[in-house]
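**Q** What follows is structure_12.txt; its format and atoms are compact mmCIF, C-alpha atoms.
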# COMPACT_ATOMS: atom_id res chain seq x y z
CA MET A 94 138.87 139.01 143.90
CA ALA A 95 139.05 135.90 141.72
CA VAL A 96 142.15 135.22 139.62
CA TRP A 97 142.13 133.28 136.33
CA LEU A 98 145.20 131.04 136.21
CA LYS A 99 144.06 129.77 132.80
CA ARG A 100 141.45 131.21 130.43
CA GLY A 101 139.52 129.58 127.63
CA ALA A 102 138.47 130.92 124.23
CA THR A 103 137.28 134.53 124.05
CA ALA A 104 133.62 135.44 123.70
CA GLU A 105 134.38 136.79 120.22
CA ALA A 106 135.89 133.48 119.08
CA LYS A 107 132.91 131.57 120.45
CA ALA A 108 130.47 133.93 118.70
CA GLU A 109 132.26 133.52 115.38
CA ALA A 110 132.12 129.73 115.67
CA ASN A 111 128.43 129.89 116.62
CA LYS A 112 127.62 132.03 113.58
CA LYS A 113 129.15 129.47 111.23
CA VAL A 114 127.09 126.72 112.83
CA GLN A 115 123.89 128.79 112.59
CA ASP A 116 124.33 129.42 108.87
CA ILE A 117 124.99 125.75 108.07
CA VAL A 118 122.00 124.57 110.09
CA GLU A 119 119.64 127.11 108.56
CA GLY A 120 120.47 125.93 105.06
CA VAL A 121 120.17 122.25 105.92
CA LEU A 122 116.77 122.64 107.60
CA ALA A 123 115.43 124.64 104.67
CA ASP A 124 116.53 121.83 102.33
CA ILE A 125 114.78 119.17 104.44
CA ASP A 126 111.62 121.27 104.62
CA ALA A 127 111.60 121.64 100.83
CA ARG A 128 112.71 118.18 99.65
CA GLY A 129 111.88 115.78 102.48
CA ASP A 130 113.31 112.28 102.13
CA ALA A 131 115.51 113.20 99.18
CA ALA A 132 117.24 115.90 101.21
CA VAL A 133 117.65 113.58 104.20
CA ARG A 134 119.28 110.96 102.00
CA ASP A 135 121.65 113.46 100.35
CA LEU A 136 122.63 114.89 103.73
CA SER A 137 123.18 111.46 105.26
CA ILE A 138 125.51 110.56 102.41
CA LYS A 139 127.31 113.90 102.65
CA PHE A 140 127.84 114.04 106.41
CA ASP A 141 127.89 110.36 107.44
CA ASN A 142 128.70 108.54 104.19
CA TRP A 143 125.58 106.52 104.95
CA ASP A 144 122.88 105.36 102.55
CA ARG A 145 120.31 102.58 102.59
CA ALA A 146 116.87 101.88 101.12
CA SER A 147 115.10 102.79 104.37
CA TYR A 148 116.61 104.40 107.44
CA VAL A 149 114.15 102.74 109.81
CA LEU A 150 115.52 99.53 111.31
CA THR A 151 113.68 96.26 110.76
CA ALA A 152 112.77 93.81 113.50
CA GLN A 153 115.53 91.50 112.29
CA GLU A 154 118.14 94.27 112.41
CA LYS A 155 117.13 95.09 115.96
CA GLN A 156 117.44 91.45 116.98
CA ASP A 157 120.81 91.17 115.25
CA CYS A 158 122.08 94.10 117.34
CA LEU A 159 120.81 92.52 120.55
CA ASP A 160 122.52 89.27 119.60
CA GLN A 161 125.88 91.00 119.23
CA LEU A 162 125.95 92.00 122.89
CA THR A 163 127.04 89.67 125.67
CA GLY A 164 124.78 88.61 128.47
CA GLN A 165 126.68 90.93 130.82
CA ASP A 166 126.26 93.82 128.39
CA LEU A 167 122.49 93.33 128.40
CA LYS A 168 122.37 93.02 132.20
CA ASP A 169 124.34 96.24 132.57
CA ILE A 170 122.01 98.10 130.22
CA GLU A 171 119.02 96.67 132.08
CA PHE A 172 120.47 97.81 135.42
CA ALA A 173 120.99 101.37 134.17
CA GLN A 174 117.54 101.49 132.61
CA THR A 175 115.95 100.28 135.83
CA GLN A 176 117.55 103.16 137.73
CA VAL A 177 116.41 105.71 135.15
CA ARG A 178 112.88 104.27 135.07
CA ASN A 179 112.62 104.19 138.86
CA PHE A 180 113.58 107.84 139.26
CA ALA A 181 111.40 108.92 136.33
CA GLN A 182 108.45 107.15 137.95
CA ILE A 183 109.15 108.91 141.25
CA GLN A 184 109.08 112.22 139.35
CA ARG A 185 105.83 111.29 137.59
CA ASP A 186 104.19 110.30 140.86
CA SER A 187 105.05 113.73 142.28
CA MET A 188 102.90 115.42 139.62
CA LYS A 189 99.25 115.30 140.59
CA ASP A 190 96.09 116.17 138.74
CA VAL A 191 94.05 118.59 140.82
CA GLU A 192 90.39 119.57 141.07
CA VAL A 193 89.10 121.91 143.76
CA GLU A 194 86.00 123.98 144.51
CA THR A 195 87.61 127.41 144.90
CA MET A 196 84.36 129.10 145.88
CA PRO A 197 80.77 127.82 146.11
CA GLY A 198 79.78 126.42 142.71
CA VAL A 199 83.15 127.04 140.99
CA ILE A 200 85.37 124.07 140.13
CA LEU A 201 88.94 124.55 138.84
CA GLY A 202 91.40 121.85 137.95
CA HIS A 203 94.30 120.74 135.85
CA LYS A 204 95.34 117.52 134.17
CA ASN A 205 98.88 116.47 133.27
CA LEU A 206 98.52 115.19 129.73
CA PRO A 207 101.32 113.36 127.90
CA LEU A 208 102.37 114.53 124.46
CA ASN A 209 101.36 112.29 121.56
CA ALA A 210 104.76 111.91 119.88
CA ALA A 211 108.36 112.47 120.91
CA GLY A 212 111.54 112.36 118.86
CA CYS A 213 114.67 111.31 120.76
CA TYR A 214 118.14 112.04 119.42
CA VAL A 215 120.86 109.65 120.57
CA PRO A 216 124.40 110.89 119.79
CA GLY A 217 126.79 108.33 118.42
CA GLY A 218 129.15 109.78 115.86
CA LYS A 219 132.37 109.63 117.93
CA TYR A 220 131.15 107.34 120.71
CA PRO A 221 128.04 105.11 120.81
CA LEU A 222 126.29 106.98 123.64
CA LEU A 223 123.69 104.38 124.46
CA ALA A 224 122.87 106.07 127.79
CA SER A 225 121.01 108.80 125.90
CA ALA A 226 118.47 106.17 124.83
CA HIS A 227 117.66 105.42 128.48
CA MET A 228 117.37 109.06 129.39
CA SER A 229 114.98 110.04 126.62
CA VAL A 230 112.94 107.01 125.62
CA ILE A 231 112.28 105.68 129.12
CA THR A 232 111.43 109.10 130.48
CA ALA A 233 108.95 109.68 127.65
CA LYS A 234 107.38 106.27 128.15
CA VAL A 235 106.98 106.79 131.89
CA ALA A 236 105.24 110.08 131.08
CA GLY A 237 102.81 108.18 128.87
CA VAL A 238 103.87 109.36 125.40
CA LYS A 239 102.15 107.13 122.84
CA ARG A 240 104.73 107.29 120.03
CA VAL A 241 108.43 107.55 120.82
CA ILE A 242 110.88 107.46 117.92
CA THR A 243 114.66 107.58 118.01
CA CYS A 244 117.45 108.61 115.68
CA ALA A 245 121.10 107.72 116.12
CA PRO A 246 123.90 108.07 113.57
CA PRO A 247 125.74 105.08 112.19
CA PHE A 248 128.88 104.09 114.06
CA GLN A 249 131.79 102.77 112.02
CA GLY A 250 129.54 102.29 109.01
CA ARG A 251 126.59 100.51 110.60
CA PRO A 252 123.94 100.94 113.28
CA ALA A 253 125.70 100.84 116.65
CA PRO A 254 124.66 97.54 118.29
CA ALA A 255 124.75 98.91 121.85
CA ILE A 256 122.68 101.99 120.95
CA VAL A 257 120.12 99.91 119.09
CA ALA A 258 119.89 97.44 121.97
CA ALA A 259 119.34 100.26 124.44
CA GLN A 260 116.64 101.80 122.23
CA VAL A 261 114.86 98.46 121.89
CA MET A 262 115.06 97.69 125.60
CA ALA A 263 113.86 101.19 126.48
CA GLY A 264 110.75 100.68 124.37
CA ALA A 265 111.25 102.90 121.31
CA ASP A 266 108.43 102.49 118.80
CA GLU A 267 110.49 103.39 115.71
CA ILE A 268 114.29 103.35 115.43
CA TYR A 269 116.07 105.21 112.64
CA ALA A 270 119.75 105.00 111.72
CA LEU A 271 120.14 108.73 111.06
CA GLY A 272 122.40 111.33 112.62
CA GLY A 273 123.02 115.03 112.86
CA ILE A 274 120.93 117.89 111.53
CA GLN A 275 119.17 115.62 109.05
CA ALA A 276 117.86 113.39 111.85
CA VAL A 277 116.60 116.26 113.98
CA GLY A 278 115.10 118.02 110.98
CA ALA A 279 113.33 114.89 109.73
CA MET A 280 111.77 114.18 113.12
CA ALA A 281 110.57 117.75 113.59
CA LEU A 282 109.49 118.64 110.05
CA GLY A 283 108.42 115.22 108.85
CA THR A 284 109.11 113.67 105.48
CA GLU A 285 107.26 111.32 103.15
CA THR A 286 108.30 108.37 105.32
CA ILE A 287 108.76 109.90 108.80
CA LEU A 288 105.77 111.35 110.61
CA PRO A 289 106.63 114.52 112.56
CA VAL A 290 106.78 114.60 116.35
CA ASP A 291 105.59 117.10 118.92
CA ILE A 292 108.85 117.48 120.85
CA LEU A 293 112.56 116.93 120.21
CA VAL A 294 114.74 115.77 123.08
CA GLY A 295 118.26 114.55 123.64
CA PRO A 296 121.80 115.92 123.69
CA GLY A 297 124.04 116.44 120.70
CA ASN A 298 126.88 118.42 119.22
CA ALA A 299 126.77 122.11 118.34
CA PHE A 300 124.92 121.42 115.06
CA VAL A 301 122.22 119.32 116.72
CA ALA A 302 121.75 121.90 119.47
CA GLU A 303 121.45 124.71 116.92
CA ALA A 304 118.99 122.70 114.84
CA LYS A 305 116.79 122.24 117.89
CA ARG A 306 117.00 125.97 118.62
CA GLN A 307 115.92 126.89 115.10
CA LEU A 308 113.09 124.34 115.12
CA PHE A 309 111.69 125.49 118.46
CA GLY A 310 108.19 126.78 117.87
CA ARG A 311 107.38 124.32 115.13
CA VAL A 312 107.95 121.67 117.78
CA GLY A 313 108.78 121.77 121.44
CA ILE A 314 112.29 121.01 122.66
CA ASP A 315 113.59 119.82 125.97
CA LEU A 316 116.37 122.41 126.31
CA PHE A 317 119.53 123.63 124.61
CA ALA A 318 121.85 120.69 125.10
CA GLY A 319 125.01 121.44 123.17
CA PRO A 320 128.62 120.43 123.80
CA THR A 321 129.22 119.01 127.26
CA GLU A 322 130.29 121.42 130.01
CA THR A 323 131.81 120.55 133.37
CA LEU A 324 132.74 122.67 136.37
CA VAL A 325 134.71 121.20 139.24
CA ILE A 326 134.43 123.14 142.52
CA ALA A 327 137.08 121.92 144.92
CA ASP A 328 139.33 122.64 147.87
CA GLU A 329 142.27 120.77 149.44
CA ILE A 330 140.08 119.13 152.07
CA GLY A 331 137.61 117.57 149.64
CA CYS A 332 139.84 116.88 146.67
CA ASP A 333 143.33 116.44 145.27
CA GLY A 334 144.92 117.22 141.94
CA GLU A 335 144.57 113.74 140.47
CA LEU A 336 140.86 113.55 141.30
CA ALA A 337 140.12 117.02 139.93
CA ALA A 338 142.12 116.38 136.76
CA THR A 339 140.40 113.06 136.17
CA ASP A 340 136.94 114.57 136.52
CA LEU A 341 137.79 117.48 134.20
CA LEU A 342 139.27 115.33 131.45
CA GLY A 343 136.57 112.70 131.88
CA GLN A 344 134.08 115.20 130.49
CA ALA A 345 136.42 117.10 128.15
CA GLU A 346 136.78 113.89 126.12
CA HIS A 347 133.27 114.47 124.73
CA GLY A 348 134.81 116.71 122.09
CA PRO A 349 137.22 119.53 121.34
CA ASP A 350 134.56 122.17 122.10
CA SER A 351 133.68 120.93 125.61
CA PRO A 352 134.47 123.47 128.36
CA ALA A 353 136.14 122.09 131.50
CA ILE A 354 136.66 124.50 134.40
CA LEU A 355 138.28 124.19 137.81
CA LEU A 356 137.06 126.63 140.45
CA THR A 357 138.98 126.49 143.74
CA THR A 358 140.12 128.44 146.78
CA SER A 359 143.49 126.65 146.79
CA ARG A 360 146.37 127.74 144.58
CA LYS A 361 148.19 124.52 145.45
CA LEU A 362 145.24 122.41 144.27
CA ALA A 363 144.99 124.49 141.09
CA GLU A 364 148.66 124.00 140.25
CA ASP A 365 148.57 120.30 141.17
CA THR A 366 145.51 119.81 138.94
CA MET A 367 147.14 121.48 135.93
CA ARG A 368 150.20 119.28 136.33
CA GLU A 369 148.04 116.17 136.64
CA ILE A 370 146.10 117.13 133.51
CA GLU A 371 149.32 117.30 131.51
CA ARG A 372 150.38 113.91 132.87
CA LEU A 373 147.03 112.26 132.18
CA LEU A 374 146.97 113.61 128.65
CA THR A 375 150.05 111.50 127.91
CA ILE A 376 148.22 108.26 128.77
CA LEU A 377 144.48 108.90 128.24
CA PRO A 378 143.25 107.04 125.13
CA THR A 379 140.89 109.93 124.31
CA ALA A 380 143.58 112.57 124.83
CA ASP A 381 143.10 113.91 121.30
CA TYR A 382 139.61 115.27 122.05
CA ALA A 383 140.21 115.96 125.73
CA GLY A 384 143.52 117.73 125.12
CA ARG A 385 142.10 120.03 122.48
CA ALA A 386 139.11 120.84 124.68
CA TRP A 387 141.37 121.63 127.62
CA ALA A 388 143.74 123.75 125.53
CA THR A 389 140.94 125.83 123.97
CA TYR A 390 138.14 125.84 126.54
CA GLY A 391 139.79 124.82 129.81
CA GLU A 392 139.89 127.33 132.66
CA VAL A 393 141.32 127.46 136.18
CA ILE A 394 139.84 130.05 138.54
CA LEU A 395 141.21 130.88 141.97
CA ALA A 396 138.56 132.35 144.31
CA GLU A 397 138.90 133.88 147.78
CA ASP A 398 136.28 131.81 149.60
CA ASP A 399 133.24 129.56 149.20
CA ALA A 400 130.88 132.51 148.83
CA GLU A 401 132.85 133.82 145.86
CA MET A 402 132.89 130.33 144.34
CA VAL A 403 129.09 130.24 144.55
CA ARG A 404 128.86 133.64 142.85
CA ILE A 405 131.21 132.63 140.03
CA ALA A 406 129.58 129.22 139.61
CA ASP A 407 126.16 130.83 139.24
CA GLU A 408 127.56 133.16 136.60
CA ILE A 409 129.03 130.21 134.68
CA ALA A 410 125.75 128.24 135.03
CA SER A 411 127.47 125.02 134.00
CA GLU A 412 125.76 121.88 132.81
CA HIS A 413 127.60 119.61 135.26
CA VAL A 414 128.93 120.83 138.60
CA GLN A 415 131.13 118.45 140.58
CA VAL A 416 131.55 119.70 144.17
CA MET A 417 134.44 118.27 146.17
CA THR A 418 134.91 120.57 149.15
CA ARG A 419 134.86 120.28 152.92
CA ASP A 420 131.12 121.18 152.87
CA PRO A 421 129.39 120.21 149.60
CA ASP A 422 125.96 120.97 151.08
CA TYR A 423 126.90 124.63 151.24
CA PHE A 424 126.77 124.66 147.45
CA LEU A 425 123.56 122.63 147.34
CA ASN A 426 121.93 125.17 149.64
CA ASN A 427 123.29 128.30 147.96
CA MET A 428 123.79 127.68 144.24
CA THR A 429 120.92 128.47 141.88
CA ASN A 430 122.24 128.02 138.33
CA TYR A 431 123.35 124.52 137.30
CA GLY A 432 122.19 121.55 135.27
CA ALA A 433 123.03 118.93 137.88
CA LEU A 434 125.10 118.82 141.06
CA PHE A 435 127.40 115.95 141.99
CA LEU A 436 128.13 116.29 145.68
CA GLY A 437 131.28 114.87 147.24
CA ALA A 438 134.20 112.85 145.94
CA ARG A 439 132.29 109.54 146.08
CA THR A 440 130.08 110.51 143.15
CA ASN A 441 130.95 112.03 139.80
CA VAL A 442 129.47 113.18 136.49
CA ALA A 443 130.01 109.78 134.83
CA PHE A 444 127.66 108.18 137.37
CA GLY A 445 124.97 110.64 136.32
CA ASP A 446 125.80 110.27 132.64
CA LYS A 447 125.52 106.51 132.58
CA VAL A 448 123.78 104.72 135.39
CA ILE A 449 122.74 106.29 138.69
CA GLY A 450 119.23 107.28 137.58
CA THR A 451 119.08 111.06 137.23
CA ASN A 452 118.75 112.33 133.68
CA HIS A 453 121.91 113.29 131.80
CA THR A 454 120.26 115.59 129.23
CA LEU A 455 121.06 118.92 130.84
CA PRO A 456 121.14 122.64 129.95
CA THR A 457 124.27 124.19 128.44
CA LYS A 458 125.41 127.66 127.29
CA LYS A 459 124.07 129.31 130.45
CA SER A 460 120.51 128.09 129.89
CA ALA A 461 120.68 126.61 133.41
CA ARG A 462 119.72 130.15 134.45
CA TYR A 463 116.13 129.43 133.39
CA THR A 464 115.63 125.68 132.98
CA GLY A 465 116.55 122.39 134.53
CA GLY A 466 117.32 119.17 132.70
CA LEU A 467 115.16 116.65 130.90
CA TRP A 468 112.60 114.97 133.13
CA VAL A 469 109.12 113.44 132.97
CA GLY A 470 107.51 116.88 133.15
CA LYS A 471 109.00 117.85 129.76
CA PHE A 472 106.74 115.27 128.12
CA LEU A 473 103.60 116.47 129.90
CA LYS A 474 101.29 119.42 129.33
CA THR A 475 99.61 120.78 132.43
CA CYS A 476 96.22 121.79 131.04
CA THR A 477 93.60 123.59 133.09
CA TYR A 478 89.80 123.34 133.03
CA GLN A 479 86.89 125.00 134.81
CA ARG A 480 83.31 124.13 135.63
CA VAL A 481 80.60 126.35 137.12
CA LEU A 482 77.90 124.35 138.88
CA THR A 483 75.25 126.87 139.95
CA ASP A 484 73.30 129.78 138.49
CA GLU A 485 74.35 131.94 141.42
CA ALA A 486 78.07 131.32 140.85
CA SER A 487 77.81 132.00 137.09
CA ALA A 488 75.99 135.29 137.64
CA MET A 489 78.35 136.44 140.39
CA ILE A 490 81.50 135.70 138.39
CA GLY A 491 79.80 137.28 135.37
CA GLU A 492 79.31 140.60 137.11
CA TYR A 493 82.99 140.84 138.03
CA CYS A 494 84.01 139.74 134.54
CA SER A 495 81.75 142.32 132.90
CA ARG A 496 83.30 145.22 134.78
CA LEU A 497 86.86 144.00 134.17
CA CYS A 498 86.14 143.63 130.44
CA ALA A 499 84.87 147.20 130.34
CA LEU A 500 88.15 148.40 131.87
CA GLU A 501 89.94 146.81 128.92
CA GLY A 502 87.46 147.91 126.27
CA PHE A 503 86.49 144.37 125.30
CA ALA A 504 82.77 144.64 124.54
CA GLY A 505 82.52 141.13 123.09
CA HIS A 506 84.18 139.62 126.13
CA GLY A 507 81.86 141.65 128.30
CA GLU A 508 78.80 140.31 126.53
CA GLN A 509 79.98 136.76 127.18
CA ALA A 510 79.71 137.65 130.86
CA ASN A 511 76.50 139.69 130.58
CA ILE A 512 74.51 136.97 128.83
CA ARG A 513 75.24 134.67 131.78
CA VAL A 514 74.12 137.36 134.20
CA ARG A 515 70.86 137.76 132.26
CA ARG A 516 70.20 134.04 132.01
CA TYR A 517 71.40 132.79 135.35
CA GLY A 518 71.08 135.90 137.51
CA HIS A 519 67.72 136.83 135.98
CA ARG A 520 68.79 140.44 135.58
CA ASP A 521 67.40 142.52 132.72
CA ILE A 522 70.58 144.20 131.44
CA PRO A 523 71.20 145.57 127.93
CA TYR A 524 73.79 144.39 125.39
CA ALA A 525 77.33 145.05 126.59
CA GLY A 526 78.25 147.37 123.74
CA LYS A 527 75.47 149.83 124.59
CA ALA A 528 75.58 149.82 128.36
CA GLU A 529 77.66 150.98 131.26
CA PRO A 530 79.54 148.29 133.17
CA LEU A 531 77.46 146.33 135.64
CA VAL A 532 77.38 147.68 139.17
CA VAL A 533 77.15 145.29 142.11
CA VAL A 534 73.76 145.61 143.80
Please lay out the structure from this file as structure tokens.
**A**
Amino acid sequence: MAVWLKRGATAEAKAEANKKVQDIVEGVLADIDARGDAAVRDLSIKFDNWDRASYVLTAQEKQDCLDQLTGQDLKDIEFAQTQVRNFAQIQRDSMKDVEVETMPGVILGHKNLPLNAAGCYVPGGKYPLLASAHMSVITAKVAGVKRVITCAPPFQGRPAPAIVAAQVMAGADEIYALGGIQAVGAMALGTETILPVDILVGPGNAFVAEAKRQLFGRVGIDLFAGPTETLVIADEIGCDGELAATDLLGQAEHGPDSPAILLTTSRKLAEDTMREIERLLTILPTADYAGRAWATYGEVILAEDDAEMVRIADEIASEHVQVMTRDPDYFLNNMTNYGALFLGARTNVAFGDKVIGTNHTLPTKKSARYTGGLWVGKFLKTCTYQRVLTDEASAMIGEYCSRLCALEGFAGHGEQANIRVRRYGHRDIPYAGKAEPLVVV
């Protein structure tokens, strides 16, 4: 039986916080829908203290941002983008169009068609998270999306140079200096100056995640990507307290609402980790965010064995799962609910967040139970088609279809089948609404 050495916020407290977010987002989206650009401007001033004649960046502004970065900065961004592009292309190449003759004269197939327009949100209020530009824009472009636009909030009163550079280098077609609900709402709903998109992608805070949830249906979304979550699964053989503490706080620094959980079979490792967390919080520059996240949402769970850790981990369904045990592959082979796995002490969530090539936009709030993270396939529609080549095939399928339609009471559907039987099977049968179902001769 598992023991919680430290618990996070209660479900009731989380629900109350979520309700407040929902109400705010609902009002903001309604305002954008009603007033368009005027609402976006008012909201940008209110939430970001940010106003300008046009929120879309000019070619000169983009170049100015590129010029502010060093040569090494640009090389590092290029390296990360190359890794993301390479893996996205591998994913795209795995998705094949198909066409097959399933029976004589019957052709079925599907095509993987890219969406026409994607809106990519790049967080940047607290930190300029330029990696989100790689993950969304490049992935959409590899999929073949024709129009890819981005929104990122201002950072310290201006467009963040590193974010803008990453967006430009990734190939964004339009770049807007807008953040928060107003950015997501403008991309999805459209305004007088911003054409709407077909899908919204990218991570964000609780307000951005809720806005995407409420907009789903009017546009597609990648997934529910709210505040960052991390789960460290560890034992004394694969990990030590300093390593576990570092990996927990490294993700908790995203914000004060970011859950960080240690799941272990070792009481000693659990206690060592908690001590190390307290020590690191005295020296970590981002201890303000990380400390509040750990105090409110941090958990330490002591399990009996690896099997129980798998069961608990699947219940948690965390966005990031760092596995540092004697046998990390056990978790790869047995876990089913996670956004991404990071196997062994040599890798970590930061590698995935920034540079290694897998996508860092991942499911949160237990949505890993039913979806994976952002990938090329999110920007593609798998659309089927059919072709019937012979009279014989049309008449044969028609006879089956006619009888099945009669079982459902769909006379009009049945007549669609019967007219083919009459024309291509040369059978003199009456109108579907006045006849018994066809009987195979």
**Q** Enter the distance from atom CA of Gly198 of chain A to atom CA of Arg516 of chain A, in Å, rounded to one decimal.
**A**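 Atom CA of Gly198 of chain A sits 16.3 Å away from atom CA of Arg516 of chain A.
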**Q** Compile the contact shell of segment 213-227 of chain A as number ranges by chain: residues with an atom at most 7 Å away, counting all atoms listed in the file, same-chain residues fewer than 4 positions apart removed.
**A** A: 174, 177, 231, 242-248, 253, 255-256, 259-260, 263, 293-297, 447
**Q** Tell me which protein, DNA and RNA residues are within 10 Å of Ala406 of chain A, counting all atoms listed in the file, leaving out same-chain ones fewer than 2 positions away, and put them as a list in words.
**A**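 Returned residues: Leu324, Val325, Ile326, Ile354, Leu356, Ala400, Glu401, Met402, Val403, Arg404, Glu408, Ile409, Ala410, Ser411, Val414, Phe424, Met428, Thr429, Asn430 and Tyr431 of chain A.
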**Q** Given all atoms listed in the file as the basis, pick out the residue of A:Thr418, A:Asn142, A:Ser351, A:Thr195 nearest to Lys458 of chain A.
**A** A:Ser351
**Q** Counting only C-alpha atoms, which of A:Lys139, A:Lys239, A:Lys234, A:Lys459 gets nearest to Arg185 of chain A?
**A** A:Lys234
**Q** For Leu316 of chain A, find every residue with an atom within 10 Å (counting all atoms listed in the file), except residues of its own chain fewer than 3 positions away, and show them as a ChimeraX atom specification.
**A** /A:293-296,302,305-306,309,313,319,454-457,460-461,463-467,471
**Q** Tell me which residues come within 10 Å of (119.6, 125.1, 111.0), as a list in words, counting all atoms listed in the file in the file's coordinates.
**A**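 Here the neighbourhood of the point contains Val114, Gln115, Asp116, Ile117, Val118, Glu119, Gly120, Val121, Leu122, Ala123, Asp124, Ile274, Gln275, Val277, Gly278, Phe300, Val301, Ala302, Glu303, Ala304, Lys305, Arg306, Gln307 and Leu308 of chain A.
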**Q** Distance atom CA of Val238 of chain A-atom CA of Val193 of chain A, one decimal place?
**A**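 Here the two named atoms are 26.7 Å from each other.
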